[in-house]
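File shown here: protein38.csv, holding CSV, N, CA and C atoms.
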chain,number,residue,atom,x,y,z
A,873,MET,N,113.7,76.8,125.9
A,873,MET,CA,113.8,77.8,127.0
A,873,MET,C,114.3,79.1,126.5
A,874,PHE,N,115.2,79.1,125.5
A,874,PHE,CA,115.8,80.4,125.0
A,874,PHE,C,114.7,81.2,124.3
A,875,LYS,N,113.8,80.5,123.6
A,875,LYS,CA,112.7,81.2,122.9
A,875,LYS,C,111.7,81.8,123.9
A,876,ILE,N,111.5,81.2,125.0
A,876,ILE,CA,110.6,81.8,126.0
A,876,ILE,C,111.3,83.0,126.6
A,877,LEU,N,112.6,82.9,126.9
A,877,LEU,CA,113.3,84.1,127.4
A,877,LEU,C,113.3,85.3,126.4
A,878,ILE,N,113.4,85.0,125.1
A,878,ILE,CA,113.4,86.1,124.1
A,878,ILE,C,112.0,86.7,124.1
A,879,LEU,N,110.9,85.8,124.1
A,879,LEU,CA,109.6,86.3,124.1
A,879,LEU,C,109.3,87.2,125.3
A,880,ILE,N,109.7,86.7,126.5
A,880,ILE,CA,109.5,87.6,127.7
A,880,ILE,C,110.2,88.9,127.6
A,881,THR,N,111.4,88.9,127.1
A,881,THR,CA,112.2,90.1,126.9
A,881,THR,C,111.4,91.1,125.9
A,882,ILE,N,110.9,90.5,124.8
A,882,ILE,CA,110.2,91.4,123.9
A,882,ILE,C,108.9,91.9,124.5
A,883,LEU,N,108.2,91.1,125.2
A,883,LEU,CA,107.0,91.6,125.9
A,883,LEU,C,107.2,92.7,126.9
A,884,VAL,N,108.3,92.5,127.7
A,884,VAL,CA,108.6,93.5,128.7
A,884,VAL,C,109.1,94.8,128.0
A,885,ALA,N,109.9,94.7,127.0
A,885,ALA,CA,110.3,95.9,126.3
A,885,ALA,C,109.1,96.6,125.7
A,886,GLY,N,108.2,95.9,125.1
A,886,GLY,CA,107.0,96.5,124.5
A,886,GLY,C,106.2,97.2,125.6
A,887,ALA,N,106.0,96.6,126.7
A,887,ALA,CA,105.2,97.2,127.8
A,887,ALA,C,105.9,98.5,128.3
A,888,VAL,N,107.2,98.4,128.4
A,888,VAL,CA,108.0,99.6,128.9
A,888,VAL,C,107.8,100.7,127.8
A,889,TYR,N,107.9,100.4,126.5
A,889,TYR,CA,107.7,101.4,125.5
A,889,TYR,C,106.3,102.0,125.5
A,890,ALA,N,105.3,101.1,125.7
A,890,ALA,CA,103.9,101.6,125.7
A,890,ALA,C,103.7,102.5,126.9
A,891,ASP,N,104.3,102.2,128.0
A,891,ASP,CA,104.1,103.1,129.2
A,891,ASP,C,104.7,104.5,128.9
A,892,ASN,N,105.7,104.6,128.1
A,892,ASN,CA,106.4,105.9,127.9
A,892,ASN,C,105.9,106.7,126.7
A,893,ILE,N,105.0,106.1,125.9
A,893,ILE,CA,104.5,106.8,124.8
A,893,ILE,C,103.9,108.2,125.1
A,894,ASP,N,103.1,108.2,126.2
A,894,ASP,CA,102.4,109.5,126.5
A,894,ASP,C,103.0,110.2,127.7
A,895,LYS,N,104.1,109.8,128.2
A,895,LYS,CA,104.6,110.4,129.5
A,895,LYS,C,105.1,111.8,129.3
A,896,ASP,N,105.4,112.2,128.1
A,896,ASP,CA,105.9,113.6,127.8
A,896,ASP,C,104.8,114.5,127.2
A,897,ALA,N,103.6,114.0,127.1
A,897,ALA,CA,102.5,114.8,126.5
A,897,ALA,C,102.2,116.0,127.3
A,898,GLU,N,102.0,117.1,126.6
A,898,GLU,CA,101.7,118.4,127.2
A,898,GLU,C,100.2,118.8,126.9
A,899,ILE,N,99.6,119.5,127.8
A,899,ILE,CA,98.3,120.1,127.6
A,899,ILE,C,98.4,121.3,126.7
A,900,LEU,N,97.7,121.2,125.5
A,900,LEU,CA,97.8,122.3,124.6
A,900,LEU,C,96.6,123.3,124.8
A,901,SER,N,95.5,122.8,125.2
A,901,SER,CA,94.4,123.7,125.6
A,901,SER,C,93.5,123.0,126.6
A,902,TYR,N,92.9,123.8,127.5
A,902,TYR,CA,92.1,123.3,128.5
A,902,TYR,C,91.0,124.3,128.9
A,903,LYS,N,89.7,123.9,128.9
A,903,LYS,CA,88.6,124.7,129.3
A,903,LYS,C,87.7,123.9,130.2
A,904,ASN,N,87.3,124.5,131.3
A,904,ASN,CA,86.4,123.8,132.2
A,904,ASN,C,85.4,124.8,132.8
A,905,ASP,N,84.2,124.8,132.3
A,905,ASP,CA,83.2,125.6,132.9
A,905,ASP,C,82.4,124.7,133.9
A,906,GLU,N,82.7,124.9,135.2
A,906,GLU,CA,82.1,124.1,136.3
A,906,GLU,C,80.6,124.2,136.2
A,907,ALA,N,79.9,123.2,136.8
A,907,ALA,CA,78.5,123.1,136.7
A,907,ALA,C,77.9,124.3,137.4
A,908,ASP,N,76.8,124.9,136.8
A,908,ASP,CA,76.1,126.0,137.4
A,908,ASP,C,75.0,125.4,138.3
A,909,ALA,N,74.1,126.3,138.8
A,909,ALA,CA,73.1,125.9,139.7
A,909,ALA,C,72.1,125.0,139.0
A,910,ASP,N,72.0,125.0,137.7
A,910,ASP,CA,71.0,124.2,137.0
A,910,ASP,C,71.7,122.9,136.5
A,911,GLY,N,73.0,122.7,136.8
A,911,GLY,CA,73.7,121.5,136.4
A,911,GLY,C,74.3,121.5,135.1
A,912,ASN,N,74.3,122.6,134.4
A,912,ASN,CA,74.9,122.7,133.1
A,912,ASN,C,76.5,122.8,133.2
A,913,PHE,N,77.2,122.0,132.4
A,913,PHE,CA,78.6,122.0,132.5
A,913,PHE,C,79.2,121.9,131.1
A,914,ASN,N,80.5,122.2,131.0
A,914,ASN,CA,81.2,122.2,129.7
A,914,ASN,C,82.6,122.1,129.9
A,915,TYR,N,83.3,121.2,129.2
A,915,TYR,CA,84.8,121.1,129.3
A,915,TYR,C,85.4,120.6,128.0
A,916,ALA,N,86.6,120.9,127.8
A,916,ALA,CA,87.3,120.5,126.6
A,916,ALA,C,88.8,120.5,126.9
A,917,PHE,N,89.6,119.6,126.3
A,917,PHE,CA,91.0,119.7,126.4
A,917,PHE,C,91.7,119.0,125.2
A,918,GLU,N,92.9,119.4,125.0
A,918,GLU,CA,93.7,118.8,123.9
A,918,GLU,C,95.1,118.6,124.4
A,919,THR,N,95.7,117.5,124.0
A,919,THR,CA,97.1,117.3,124.4
A,919,THR,C,98.0,117.1,123.2
A,920,SER,N,99.3,117.3,123.4
A,920,SER,CA,100.3,117.2,122.3
A,920,SER,C,100.4,115.9,121.7
A,921,ASN,N,99.9,114.8,122.3
A,921,ASN,CA,100.0,113.5,121.7
A,921,ASN,C,98.7,113.1,120.9
A,922,GLY,N,97.9,114.1,120.6
A,922,GLY,CA,96.7,113.8,119.7
A,922,GLY,C,95.4,113.5,120.5
A,923,ILE,N,95.4,113.5,121.8
A,923,ILE,CA,94.2,113.3,122.5
A,923,ILE,C,93.4,114.6,122.6
A,924,GLN,N,92.1,114.4,122.3
A,924,GLN,CA,91.2,115.6,122.4
A,924,GLN,C,89.9,115.0,123.0
A,925,GLN,N,89.3,115.9,123.8
A,925,GLN,CA,88.0,115.5,124.4
A,925,GLN,C,87.2,116.7,124.7
A,926,GLN,N,85.9,116.6,124.5
A,926,GLN,CA,85.0,117.7,124.8
A,926,GLN,C,83.7,117.1,125.2
A,927,GLU,N,83.0,117.8,126.2
A,927,GLU,CA,81.7,117.3,126.6
A,927,GLU,C,80.9,118.5,127.2
A,928,ALA,N,79.6,118.5,126.9
A,928,ALA,CA,78.7,119.5,127.5
A,928,ALA,C,77.5,118.8,127.9
A,929,GLY,N,76.9,119.2,129.0
A,929,GLY,CA,75.7,118.5,129.4
A,929,GLY,C,75.0,119.2,130.6
A,930,ASN,N,74.0,118.5,131.1
A,930,ASN,CA,73.3,119.0,132.2
A,930,ASN,C,72.7,117.8,133.0
A,931,ILE,N,71.8,118.0,133.8
A,931,ILE,CA,71.3,116.9,134.7
A,931,ILE,C,70.5,115.8,133.8
A,932,GLN,N,70.0,116.2,132.6
A,932,GLN,CA,69.3,115.2,131.8
A,932,GLN,C,70.3,114.3,131.0
A,933,GLY,N,71.5,114.8,130.8
A,933,GLY,CA,72.5,114.0,130.0
A,933,GLY,C,73.6,114.8,129.5
A,934,ALA,N,74.4,114.2,128.6
A,934,ALA,CA,75.6,114.9,128.1
A,934,ALA,C,75.8,114.4,126.7
A,935,ALA,N,76.6,115.2,126.0
A,935,ALA,CA,77.0,114.9,124.6
A,935,ALA,C,78.5,115.4,124.5
A,936,GLY,N,79.2,114.6,123.7
A,936,GLY,CA,80.6,115.0,123.5
A,936,GLY,C,81.3,114.1,122.5
A,937,SER,N,82.6,114.3,122.5
A,937,SER,CA,83.5,113.5,121.6
A,937,SER,C,84.9,113.4,122.2
A,938,TYR,N,85.6,112.4,121.7
A,938,TYR,CA,87.0,112.3,122.0
A,938,TYR,C,87.7,111.7,120.8
A,939,ALA,N,89.0,112.0,120.8
A,939,ALA,CA,89.8,111.5,119.7
A,939,ALA,C,91.2,111.1,120.3
A,940,PHE,N,91.8,110.1,119.7
A,940,PHE,CA,93.2,109.7,120.1
A,940,PHE,C,93.9,109.0,118.9
A,941,VAL,N,95.2,108.9,119.0
A,941,VAL,CA,96.0,108.3,118.0
A,941,VAL,C,96.4,106.9,118.6
A,942,SER,N,96.2,105.9,117.9
A,942,SER,CA,96.6,104.5,118.4
A,942,SER,C,98.1,104.4,118.3
A,943,PRO,N,98.7,103.4,119.0
A,943,PRO,CA,100.1,103.2,118.9
A,943,PRO,C,100.6,102.9,117.5
A,944,GLU,N,99.7,102.4,116.6
A,944,GLU,CA,100.0,102.2,115.2
A,944,GLU,C,99.9,103.4,114.4
A,945,GLY,N,99.5,104.6,115.0
A,945,GLY,CA,99.4,105.8,114.2
A,945,GLY,C,98.0,106.1,113.6
A,946,GLU,N,97.0,105.3,113.9
A,946,GLU,CA,95.7,105.5,113.4
A,946,GLU,C,94.9,106.4,114.3
A,947,LYS,N,94.2,107.4,113.7
A,947,LYS,CA,93.4,108.3,114.4
A,947,LYS,C,92.0,107.8,114.6
A,948,PHE,N,91.5,107.8,115.8
A,948,PHE,CA,90.2,107.4,116.1
A,948,PHE,C,89.4,108.6,116.6
A,949,PHE,N,88.1,108.7,116.2
A,949,PHE,CA,87.2,109.7,116.6
A,949,PHE,C,85.9,109.1,117.1
A,950,ILE,N,85.4,109.4,118.3
A,950,ILE,CA,84.2,108.9,118.8
A,950,ILE,C,83.4,110.1,119.3
A,951,SER,N,82.1,110.1,118.8
A,951,SER,CA,81.2,111.1,119.4
A,951,SER,C,80.1,110.3,120.2
A,952,TYR,N,79.5,110.9,121.1
A,952,TYR,CA,78.6,110.2,122.0
A,952,TYR,C,77.5,111.0,122.6
A,953,THR,N,76.4,110.4,123.0
A,953,THR,CA,75.4,111.0,123.8
A,953,THR,C,75.2,110.0,125.0
A,954,ALA,N,75.0,110.6,126.1
A,954,ALA,CA,74.7,109.8,127.3
A,954,ALA,C,73.4,110.5,128.0
A,955,ASP,N,72.4,109.7,128.0
A,955,ASP,CA,71.1,110.3,128.6
A,955,ASP,C,70.3,109.1,129.1
A,956,GLU,N,69.0,109.3,129.2
A,956,GLU,CA,68.1,108.3,129.8
A,956,GLU,C,68.2,107.0,129.0
A,957,ASN,N,68.7,107.0,127.8
A,957,ASN,CA,68.8,105.8,127.0
A,957,ASN,C,70.1,105.2,127.1
A,958,GLY,N,71.0,105.7,127.9
A,958,GLY,CA,72.3,105.1,128.1
A,958,GLY,C,73.4,105.8,127.3
A,959,PHE,N,74.6,105.2,127.3
A,959,PHE,CA,75.7,105.7,126.6
A,959,PHE,C,75.6,105.2,125.1
A,960,GLN,N,75.6,106.2,124.2
A,960,GLN,CA,75.4,105.8,122.8
A,960,GLN,C,76.6,106.4,121.9
A,961,PRO,N,77.6,105.6,121.8
A,961,PRO,CA,78.8,106.1,121.0
A,961,PRO,C,78.6,105.9,119.5
A,962,SER,N,79.3,106.7,118.7
A,962,SER,CA,79.3,106.4,117.3
A,962,SER,C,80.7,106.8,116.7
A,963,GLY,N,81.2,106.0,115.8
A,963,GLY,CA,82.5,106.2,115.2
A,963,GLY,C,82.6,105.2,114.1
A,964,ASP,N,83.4,105.6,113.1
A,964,ASP,CA,83.6,104.8,111.9
A,964,ASP,C,84.2,103.4,112.2
A,965,HIS,N,85.0,103.4,113.3
A,965,HIS,CA,85.7,102.1,113.6
A,965,HIS,C,84.8,101.2,114.5
A,966,LEU,N,83.7,101.6,115.0
A,966,LEU,CA,82.9,100.8,115.9
A,966,LEU,C,82.1,99.8,115.1
A,967,PRO,N,82.0,98.6,115.6
A,967,PRO,CA,81.2,97.6,114.9
A,967,PRO,C,79.7,97.9,114.8
A,968,THR,N,79.1,97.5,113.7
A,968,THR,CA,77.6,97.7,113.5
A,968,THR,C,77.0,96.4,113.3
A,969,PRO,N,75.7,96.3,113.7
A,969,PRO,CA,75.0,95.0,113.4
A,969,PRO,C,74.8,94.7,112.0
A,970,PRO,N,74.7,93.5,111.6
A,970,PRO,CA,74.4,93.2,110.2
A,970,PRO,C,73.0,93.6,109.8
A,971,PRO,N,72.7,93.8,108.6
A,971,PRO,CA,71.4,94.2,108.2
A,971,PRO,C,70.4,93.1,108.5
A,972,ILE,N,69.1,93.6,108.8
A,972,ILE,CA,68.1,92.6,109.1
A,972,ILE,C,67.7,91.9,107.8
A,973,PRO,N,67.6,90.6,107.7
A,973,PRO,CA,67.2,89.9,106.5
A,973,PRO,C,65.8,90.3,106.0
A,974,GLU,N,65.7,90.3,104.7
A,974,GLU,CA,64.4,90.8,104.1
A,974,GLU,C,63.2,89.9,104.5
A,975,ALA,N,63.4,88.6,104.7
A,975,ALA,CA,62.3,87.8,105.2
A,975,ALA,C,61.8,88.2,106.6
A,976,ILE,N,62.8,88.6,107.4
A,976,ILE,CA,62.4,89.0,108.8
A,976,ILE,C,61.7,90.4,108.7
A,977,LEU,N,62.2,91.3,107.9
A,977,LEU,CA,61.5,92.6,107.7
A,977,LEU,C,60.1,92.4,107.3
A,978,ARG,N,59.9,91.5,106.3
A,978,ARG,CA,58.5,91.3,105.8
A,978,ARG,C,57.6,90.7,106.9
A,979,SER,N,58.2,89.8,107.7
A,979,SER,CA,57.4,89.2,108.8
A,979,SER,C,57.0,90.3,109.9
A,980,LEU,N,58.0,91.2,110.2
A,980,LEU,CA,57.6,92.2,111.1
A,980,LEU,C,56.6,93.2,110.6
A,981,GLU,N,56.6,93.5,109.3
A,981,GLU,CA,55.6,94.3,108.7
A,981,GLU,C,54.2,93.6,108.7
A,982,TYR,N,54.2,92.3,108.4
A,982,TYR,CA,53.0,91.5,108.5
A,982,TYR,C,52.4,91.5,109.9
A,983,ILE,N,53.2,91.3,110.9
A,983,ILE,CA,52.8,91.3,112.3
A,983,ILE,C,52.2,92.6,112.7
A,984,ALA,N,52.9,93.7,112.3
A,984,ALA,CA,52.4,95.1,112.6
A,984,ALA,C,51.0,95.3,111.9
A,985,ALA,N,50.9,94.8,110.7
A,985,ALA,CA,49.6,95.1,110.0
A,985,ALA,C,48.5,94.1,110.4
A,986,HIS,N,48.8,93.0,111.0
A,986,HIS,CA,47.8,92.0,111.4
A,986,HIS,C,48.1,91.6,112.9
A,987,PRO,N,47.8,92.5,113.8
A,987,PRO,CA,48.1,92.1,115.2
A,987,PRO,C,47.3,90.9,115.7
A,988,PRO,N,47.9,90.1,116.6
A,988,PRO,CA,47.1,88.9,117.0
A,988,PRO,C,45.9,89.3,117.7
A,989,GLN,N,44.8,88.5,117.5
A,989,GLN,CA,43.6,88.7,118.2
A,989,GLN,C,43.7,88.2,119.7
A,990,GLN,N,43.1,89.0,120.5
A,990,GLN,CA,43.1,88.6,121.9
A,990,GLN,C,42.1,87.6,122.2
A,991,ILE,N,42.4,86.5,122.8
A,991,ILE,CA,41.5,85.4,123.0
A,991,ILE,C,41.0,85.5,124.5
A,992,ILE,N,39.6,85.6,124.6
A,992,ILE,CA,39.0,85.7,125.9
A,992,ILE,C,38.6,84.3,126.3
A,993,GLN,N,39.0,83.9,127.4
A,993,GLN,CA,38.7,82.5,128.0
A,993,GLN,C,37.7,82.7,129.0
A,994,LYS,N,36.6,81.8,129.0
A,994,LYS,CA,35.6,81.8,130.0
A,994,LYS,C,36.0,80.9,131.1
A,995,LYS,N,35.7,81.2,132.3
A,995,LYS,CA,36.0,80.4,133.4
A,995,LYS,C,34.8,79.5,133.8
Taking this structure as input, can you express it in the form of C-alpha cells?
Amino acid sequence: MFKILILITILVAGAVYADNIDKDAEILSYKNDEADADGNFNYAFETSNGIQQQEAGNIQGAAGSYAFVSPEGEKFFISYTADENGFQPSGDHLPTPPPIPEAILRSLEYIAAHPPQQIIQKK
C-alpha cells in the first residue's frame, strides 16, 4: 500500500511540474498577416521557452515549420506542407518506413515492363 501511495505522489508531483514548465513563457516575437482577398496568409511567433512556429499559405495549401524543446531538453524541428495531398511533416525524429526489399523492387520493375494482357471473354 505504501508503494502505491509513493507512486501516486510522484505521478501527481510530475504532473504539477509539467503543467508549470511553460506557464511563465513570454512571447518574444509575433507576426500575423491576416488573409487577403485571395486567401494568402502568413504568421510566425517565438516564445521564451523555445517554441517557434511559422506558416504561410493560401487557399491551395500551406507550408510551415515549428520547433519546441522537450521536457528532457531535446530540441525538435518539424517542417510541413499541407495541400491536396494532406499533411506531410518531415523531421529527423519522425519514423520512416524500412527500405523496400530488393526482390520486391525487381518484381515491381518486371510488372511495369510486362503489363498483364487484358483477357476478352465472349458471351
Which of A:Asn904, A:Thr919, A:Asn914, A:Thr953 sits closest to Gly933 in chain A [using only C-alpha atoms]: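 Among the listed residues, the smallest separation from Gly933 in chain A belongs to A:Thr953.
Distances from A:Glu898, A:Pro971, A:Ala935, A:Asp905 to Glu918 in chain A were compared using only N, CA and C atoms, and the smallest one belongs to A:Glu898.
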I'd like to know which of A:Asp910, A:Leu977, A:Phe949, A:Gln932 is closest to Asp964 in chain A, using only N, CA and C atoms. A:Phe949
Atomic separation - CA of Ile931 in chain A relative to atom N of His965 in chain A, Å: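 Here the two named atoms are 28.8 Å from each other.
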Measuring between only C-alpha atoms, which one of A:Asp896, A:Phe940, A:Ile983, A:Ala928 shows the shortest distance to Gly911 in chain A?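 Comparing A:Asp896, A:Phe940, A:Ile983, A:Ala928 against Gly911 in chain A, the winner is A:Ala928.
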Determine which residues of range 885-971 of chain A receive a DSSP assignment of strand (DSSP E), computed from the backbone, and state them as an MDAnalysis selection string. chainID A and resid 899:905 913:919 924:930 933:941 947:955 958:962
Atom C of Tyr902 in chain A to CA of Asn921 in chain A, straight-line distance in Å: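 Interatomic distance here is 15.8 Å.
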